[in-house]
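J.: Here you go, one structure.
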Amino acid sequence: MVYTISGIRLPSTVPSIHNKTSCFHGDIRRNSSFSLFLNNKSSASLSRKIYAKKSSYDSDSPSATLADSQKILVPSGEAEGSLSDESLTSDPNLNVPEGFHDFDVQTMKEGKESEADKHGSVAATRSEDKDVQNFVTRRTVPPPGNGQKIYEIDPLLKDHRTHLDYRYSMYRKLREEINKYEGGLEEFSRGYEKMGFNRSAEGITYREWAPGAKAASLVGDFNNWNSNADVMTRNEFGVWEIFLPNNADGSPAIPHGSRVKIHMETPSGIKDSIPAWIKFSVQAPGEIPYNGIYYDPPEEEKYIFKHPQPKRPKSLRIYESHIGMSSTEPVINTYANFRDDVLPRIKRLGYNAVQIMAIQEHSYYASFGYHVTNFFAPSSRFGTPEDLKSLIDRAHELGIVVLMDIVHSHASNNVLDGLNMFDGTDSHYFHSGARGYHWMWDSRLFNYGSWEVLRYLLSNARWWLDEYKFDGFRFDGVTSMMYTHHGLQVSFTGNYEEYFGFATDVDAVNYLMLVNDMIHGLFPEAIAIGEDVSGMPTFCLPTQDGGVGFDYRLHMAIADKWIELLQLRDEDWRMGDIIHTLTNRRWDENCISYAESHDQALVGDKTIAFWLMDKDMYDFMAVDRPSTPLIDRGIALHKMIRLITMGLGGEGYLNFMGNEFGHPEWIDFPRGDQHLPTGKVVPGNNNSYDKCRRRFDLGDANYLRYRGLQEFDQAMQHLEENYGFMTSDHQYISRKSEDDRIIVFERGNLVFVFNFHWSNSYFDYQVGCLKPGKYKIVLDSDDPLFGGFNRIDHSAEHFTFEGWYDNRPRSFLVYAPCRAAVVYALVEDEAEAAHALVEEDSEPGHALVEDDPEPAMQALPVKDETKPAEE
């Protein structure tokens, strides 16, 4: 697809492959960082009472999440909550950080029009009416708590109190400094209203923080790229600025869609850089470098959101997606096509959330979006910013929340298009030297101790939520952020010494606490998921209580375990090993489970379907042709693996698009031959898109066995929708027989029975349960609709009988065929399931579960021991 902005032909399919490396020198520490905008009024204290939602773990301390109805009356620019309450011990020696200045004092303090306001400060151009509106509706981020609740939740943390209290004291000090000098976290996270391009009634102001530059000017189509035409001025703190008044006819000096860059004389030489806060960036046909685009469409061309954002789902079922590879054709797909073709599919499959990868602009397509060059710009390969907004609005219309795969863990080392060496120094946004370089990812690492890096990243997260109405984030590479070793060549065993010591990057953890507080305070329904493989304790506890503040952790160990098992014979699988991996997660910290994500689909790895069926998938998936033992085994285990992962693995579930039907191909981005400095040539794939697409047509075809896998995945999602078992507090594993290869567990009001034996089927197999009554089948992996062998009679009735069995007060008899999974529910529960889901609204994040009639046998979540006394 080719589309146009103001006469510029913008390609959506031109590949660009270039990475520039650079030498490193210099360093920036927090004590030498500075604030661009000081608010000396922000030290004023506001007395208020915060009413917080009750969290899923029933925290007694105020939550960082406010209910929608809790509108705090705060004047624009006022501090967010007093930090002078009794729970906060202020630092008497706190001084203004070196480099702070009163650039915007008059504007913020008096609300008057200062010289800076005339030059386009958004804060100054707000009308009085809008100021009043902000006074009434602006949300604020609650002040920090005392951070002590974590010790009640996990007493083992007391042994590391010195580290944790220090971490929290640094976080509180940061919040205090932000309140004092920036007007609070709410105001601090609006950096895009000051930096980059901002238009006022009189003209356009462009500001850029580039302390290493010796001279700078704004160049672009608007001035014929004349570096002498619009020279910028620098203040003593490295902020370059220029004001371009409107043309005589009132039109803006820079037309919408024009190419722009900042031309700088730097310690590394003359360079033209794309503005760091650019809102759109494109690659012209036949060119390698990208160009920044001044993006300010007229009102009639701006997309207007029509549908409200959905409430946060109680049961999060995520469809992980990549816009570019979401077509059945070997092309780069578009936002518009994804909106029209893929979103209805996601809705039909029963997922209630879509997680979109590769949104932030990245010049190298094959980086999967993880080498970001332009953090505030949506990828131009897929369409315009308005197209992306239309996609998100359509998802909201369908009741689907939209999560963004956001990358704040590192940045592309691309010097031409990105932040690397932006002002000619390697210590601008990043740590200098080896600490600022990720040797495995070949990328740059942010200095989270820098004030302006905090402004940049916090504002970036705020921008996507504010401007595009994303409903939350999946933060990439959080493990790399939290440790100075980045988790490389480190095996985390669960020993607390691994988490709380000199290897922990406290600055990075503090940033994560800040961004989570900002997200949950200003956007109460927003979701924050962290990709952490280390198992950092407190990761998913509120910052108020001393935690890092995420809502969910990705349970990454599960996918690794399945790949490990799939390389073994069935005979070598151990039921206890499977159970341990699925349930090995921290108490009261929610997890997103998945059997496989995009990581397992890349070239060099295999999807679960490919591990199971290999090349037989190419010849024996037609239903009118005989199957093979490998296909029969693969289809059966594919369903069981996904269901047990969803049933036991966490409080949410994720699937990468196409894997629901066992996508037969790996992912291989278009790439040419790579010539290494050593002279070695790594063969490419002739820039082919054949393996960079999703064959949805296979899952939809009635004549292929893929259809049965897709139908089963859909049935799994709807089972969760009806019964809410993933978010239930009640979880009890009553059997994990290594001899029979049987696993039986209760989750919510359902009983799950898995027979992993490769040949043995069991008649009248006794299954323990909690509630008395008649049970019926609500999901059967052996159903012919799902490609099964129809060995189970769904009309059979299963009545319970009294008496202890497998430490359950009752039991019933079932037929358990080999390599099959069956889910049972009480007959009366089937009719009441929908009603129960309505009633559970009073407890967000949890399914409604009746009290155990045998209190002495009440099971704790995520416990799999077999004796009541050990529960």
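Each chain in the structure tokens gets a letter, A, B, ..., in the order shown, and its residues are numbered from 1; ligands are numbered from 1 in order too.
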Please return as a tab-separated table (two decimals) with all heavy atoms, in the first residue's frame: the residues of segment 429-563 of chain A that backbone DSSP assigns to strand (DSSP E).

T.:
chain	number	residue	atom	x	y	z
A	437	TYR	N	25.59	-0.11	26.63
A	437	TYR	CA	25.48	-0.92	25.42
A	437	TYR	C	25.09	-2.35	25.79
A	437	TYR	O	25.71	-2.97	26.67
A	437	TYR	CB	26.81	-0.93	24.67
A	437	TYR	CG	26.80	-1.77	23.42
A	437	TYR	CD1	26.11	-1.37	22.28
A	437	TYR	CD2	27.49	-2.98	23.38
A	437	TYR	CE1	26.10	-2.15	21.14
A	437	TYR	CE2	27.49	-3.77	22.24
A	437	TYR	CZ	26.79	-3.34	21.12
A	437	TYR	OH	26.77	-4.12	19.99
A	438	HIS	N	24.05	-2.87	25.15
A	438	HIS	CA	23.61	-4.25	25.37
A	438	HIS	C	24.25	-5.11	24.29
A	438	HIS	O	23.85	-5.07	23.12
A	438	HIS	CB	22.08	-4.31	25.28
A	438	HIS	CG	21.48	-5.56	25.87
A	438	HIS	ND1	21.72	-6.81	25.35
A	438	HIS	CD2	20.66	-5.74	26.94
A	438	HIS	CE1	21.07	-7.71	26.06
A	438	HIS	NE2	20.42	-7.09	27.04
A	443	SER	N	22.18	-2.83	21.14
A	443	SER	CA	21.35	-1.64	21.31
A	443	SER	C	21.84	-0.81	22.48
A	443	SER	O	22.72	-1.23	23.23
A	443	SER	CB	19.89	-2.05	21.52
A	443	SER	OG	19.78	-2.93	22.64
A	444	ARG	N	21.29	0.38	22.63
A	444	ARG	CA	21.69	1.33	23.68
A	444	ARG	C	20.78	1.21	24.89
A	444	ARG	O	19.58	0.94	24.77
A	444	ARG	CB	21.67	2.76	23.14
A	444	ARG	CG	22.63	3.05	22.01
A	444	ARG	CD	24.09	2.75	22.37
A	444	ARG	NE	24.50	3.28	23.65
A	444	ARG	CZ	24.94	4.51	23.87
A	444	ARG	NH1	25.05	5.36	22.84
A	444	ARG	NH2	25.31	4.91	25.06
A	472	GLY	N	-3.36	0.15	27.80
A	472	GLY	CA	-2.30	-0.32	28.67
A	472	GLY	C	-1.11	-0.80	27.87
A	472	GLY	O	-1.05	-0.65	26.64
A	473	PHE	N	-0.17	-1.37	28.58
A	473	PHE	CA	1.10	-1.75	27.97
A	473	PHE	C	1.55	-3.13	28.42
A	473	PHE	O	1.24	-3.59	29.51
A	473	PHE	CB	2.21	-0.77	28.37
A	473	PHE	CG	1.95	0.66	27.99
A	473	PHE	CD1	1.67	1.61	28.96
A	473	PHE	CD2	1.98	1.05	26.66
A	473	PHE	CE1	1.45	2.93	28.62
A	473	PHE	CE2	1.74	2.36	26.31
A	473	PHE	CZ	1.48	3.32	27.29
A	474	ARG	N	2.32	-3.75	27.54
A	474	ARG	CA	3.19	-4.86	27.91
A	474	ARG	C	4.60	-4.30	27.80
A	474	ARG	O	5.05	-3.95	26.71
A	474	ARG	CB	2.97	-6.05	26.99
A	474	ARG	CG	3.89	-7.24	27.28
A	474	ARG	CD	5.07	-7.20	26.38
A	474	ARG	NE	5.72	-8.49	26.20
A	474	ARG	CZ	6.83	-8.66	25.52
A	474	ARG	NH1	7.43	-7.63	24.93
A	474	ARG	NH2	7.37	-9.84	25.39
A	475	PHE	N	5.29	-4.11	28.92
A	475	PHE	CA	6.62	-3.55	28.93
A	475	PHE	C	7.63	-4.63	28.56
A	475	PHE	O	7.74	-5.65	29.24
A	475	PHE	CB	6.95	-2.97	30.30
A	475	PHE	CG	6.35	-1.62	30.55
A	475	PHE	CD1	5.04	-1.49	30.98
A	475	PHE	CD2	7.09	-0.46	30.34
A	475	PHE	CE1	4.47	-0.25	31.21
A	475	PHE	CE2	6.53	0.78	30.56
A	475	PHE	CZ	5.22	0.90	31.00
A	527	ILE	N	-3.89	-1.16	32.00
A	527	ILE	CA	-3.26	-2.42	32.40
A	527	ILE	C	-1.76	-2.33	32.15
A	527	ILE	O	-1.33	-1.85	31.10
A	527	ILE	CB	-3.84	-3.59	31.59
A	527	ILE	CG1	-5.35	-3.69	31.82
A	527	ILE	CG2	-3.16	-4.91	31.95
A	527	ILE	CD1	-6.06	-4.53	30.77
A	528	ALA	N	-0.97	-2.79	33.11
A	528	ALA	CA	0.49	-2.80	32.96
A	528	ALA	C	1.01	-4.21	33.17
A	528	ALA	O	0.83	-4.80	34.24
A	528	ALA	CB	1.14	-1.84	33.95
A	529	ILE	N	1.62	-4.76	32.13
A	529	ILE	CA	2.18	-6.11	32.17
A	529	ILE	C	3.69	-5.99	31.97
A	529	ILE	O	4.16	-5.27	31.10
A	529	ILE	CB	1.59	-6.98	31.05
A	529	ILE	CG1	0.07	-7.03	31.14
A	529	ILE	CG2	2.17	-8.39	31.09
A	529	ILE	CD1	-0.60	-7.65	29.93
A	530	GLY	N	4.44	-6.70	32.78
A	530	GLY	CA	5.89	-6.65	32.68
A	530	GLY	C	6.47	-7.97	32.22
A	530	GLY	O	6.07	-9.04	32.71
A	552	TYR	N	0.43	-7.47	36.05
A	552	TYR	CA	0.71	-8.86	35.70
A	552	TYR	C	2.19	-9.01	35.34
A	552	TYR	O	2.81	-8.09	34.85
A	552	TYR	CB	-0.09	-9.31	34.46
A	552	TYR	CG	-1.60	-9.31	34.61
A	552	TYR	CD1	-2.34	-8.17	34.27
A	552	TYR	CD2	-2.29	-10.44	35.03
A	552	TYR	CE1	-3.72	-8.17	34.38
A	552	TYR	CE2	-3.67	-10.44	35.13
A	552	TYR	CZ	-4.38	-9.30	34.81
A	552	TYR	OH	-5.75	-9.31	34.90
A	553	ARG	N	2.69	-10.22	35.57
A	553	ARG	CA	3.99	-10.63	35.05
A	553	ARG	C	3.76	-11.70	34.00
A	553	ARG	O	2.89	-12.56	34.15
A	553	ARG	CB	4.85	-11.21	36.18
A	553	ARG	CG	6.10	-11.91	35.67
A	553	ARG	CD	6.77	-12.79	36.71
A	553	ARG	NE	7.61	-12.02	37.61
A	553	ARG	CZ	7.37	-11.85	38.89
A	553	ARG	NH1	6.30	-12.40	39.44
A	553	ARG	NH2	8.17	-11.13	39.65
A	554	LEU	N	4.51	-11.65	32.92
A	554	LEU	CA	4.46	-12.73	31.93
A	554	LEU	C	5.14	-13.96	32.53
A	554	LEU	O	6.30	-13.90	32.94
A	554	LEU	CB	5.17	-12.32	30.64
A	554	LEU	CG	4.41	-11.41	29.68
A	554	LEU	CD1	5.24	-11.16	28.44
A	554	LEU	CD2	3.07	-12.01	29.29

J.: For Tyr351 of chain A, please output as a list in words all residues within 8 Å (counting only C-alpha atoms; exclusion window: fewer than 3 positions along the same chain).

T.: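 That gives Arg317, Ile318, Tyr319, Ile346, Lys347, Arg348, Val354, Ile400 and Gln717 of chain A.
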
J.: With only C-alpha atoms as the counted atoms, please give the residues lying no more than 8 Å from Met575 of chain A, apart from itself and same-chain residues fewer than 3 positions off, as a list in words.

T.: Ile578, Ile579, Lys736, Ser737, Glu738, Arg741, Ile742 and Ile743 of chain A

J.: For those residues, write N, CA and C atoms to a file as a short mmCIF file (atom, residue, chain, number, x, y, z; two decimals), in the first residue's frame.

T.:
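Saved file result_16.cif follows:
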data_model
loop_
_atom_site.label_atom_id
_atom_site.label_comp_id
_atom_site.auth_asym_id
_atom_site.auth_seq_id
_atom_site.Cartn_x
_atom_site.Cartn_y
_atom_site.Cartn_z
N ILE A 578 5.38 -30.80 35.32
CA ILE A 578 4.46 -29.90 34.62
C ILE A 578 3.70 -29.04 35.61
N ILE A 579 3.17 -29.68 36.65
CA ILE A 579 2.39 -28.95 37.67
C ILE A 579 3.25 -27.90 38.35
N LYS A 736 -1.93 -35.99 40.66
CA LYS A 736 -0.87 -35.89 39.65
C LYS A 736 -0.15 -37.24 39.65
N SER A 737 -0.78 -38.21 39.02
CA SER A 737 -0.32 -39.58 39.05
C SER A 737 0.73 -39.83 37.98
N GLU A 738 1.91 -40.20 38.42
CA GLU A 738 2.97 -40.51 37.46
C GLU A 738 2.74 -41.86 36.79
N ARG A 741 -0.44 -41.17 34.53
CA ARG A 741 -0.24 -39.95 33.73
C ARG A 741 -1.52 -39.11 33.73
N ILE A 742 -2.16 -39.06 34.88
CA ILE A 742 -3.41 -38.32 35.05
C ILE A 742 -3.17 -37.10 35.94
N ILE A 743 -3.73 -35.98 35.52
CA ILE A 743 -3.74 -34.76 36.35
C ILE A 743 -5.20 -34.34 36.53
#

J.: Going by DSSP on the backbone, which bits of segment 415-577 of chain A are alpha helix (DSSP H)? Write them as a PyMOL selection string, please.

T.: chain A and resi 451-467+478-482+506-522+557-566+575-577

J.: Grab the atom CA of Tyr815 of chain A to atom CA of Asn755 of chain A distance for me, in Å with one decimal place.

T.: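 Atom-to-atom, atom CA of Tyr815 of chain A to atom CA of Asn755 of chain A, that is 10.1 Å.
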
J.: Closest to Gln544 of chain A among A:Asp697, A:Gly521, A:Ile356, A:His757, using only C-alpha atoms?

T.: A:Gly521

J.: Would you compute the distance between atom CA of Leu541 of chain A and atom CA of Asn510 of chain A? Give it in Å to one decimal.

T.: 13.9 Å

J.: Restricting the calculation to only C-alpha atoms: of A:Pro313, A:Pro252, A:Ser379, A:Leu398, which residue gets closest to Pro297 of chain A?

T.: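 Between A:Pro313, A:Pro252, A:Ser379, A:Leu398, the residue approaching Pro297 of chain A most closely is A:Pro252.
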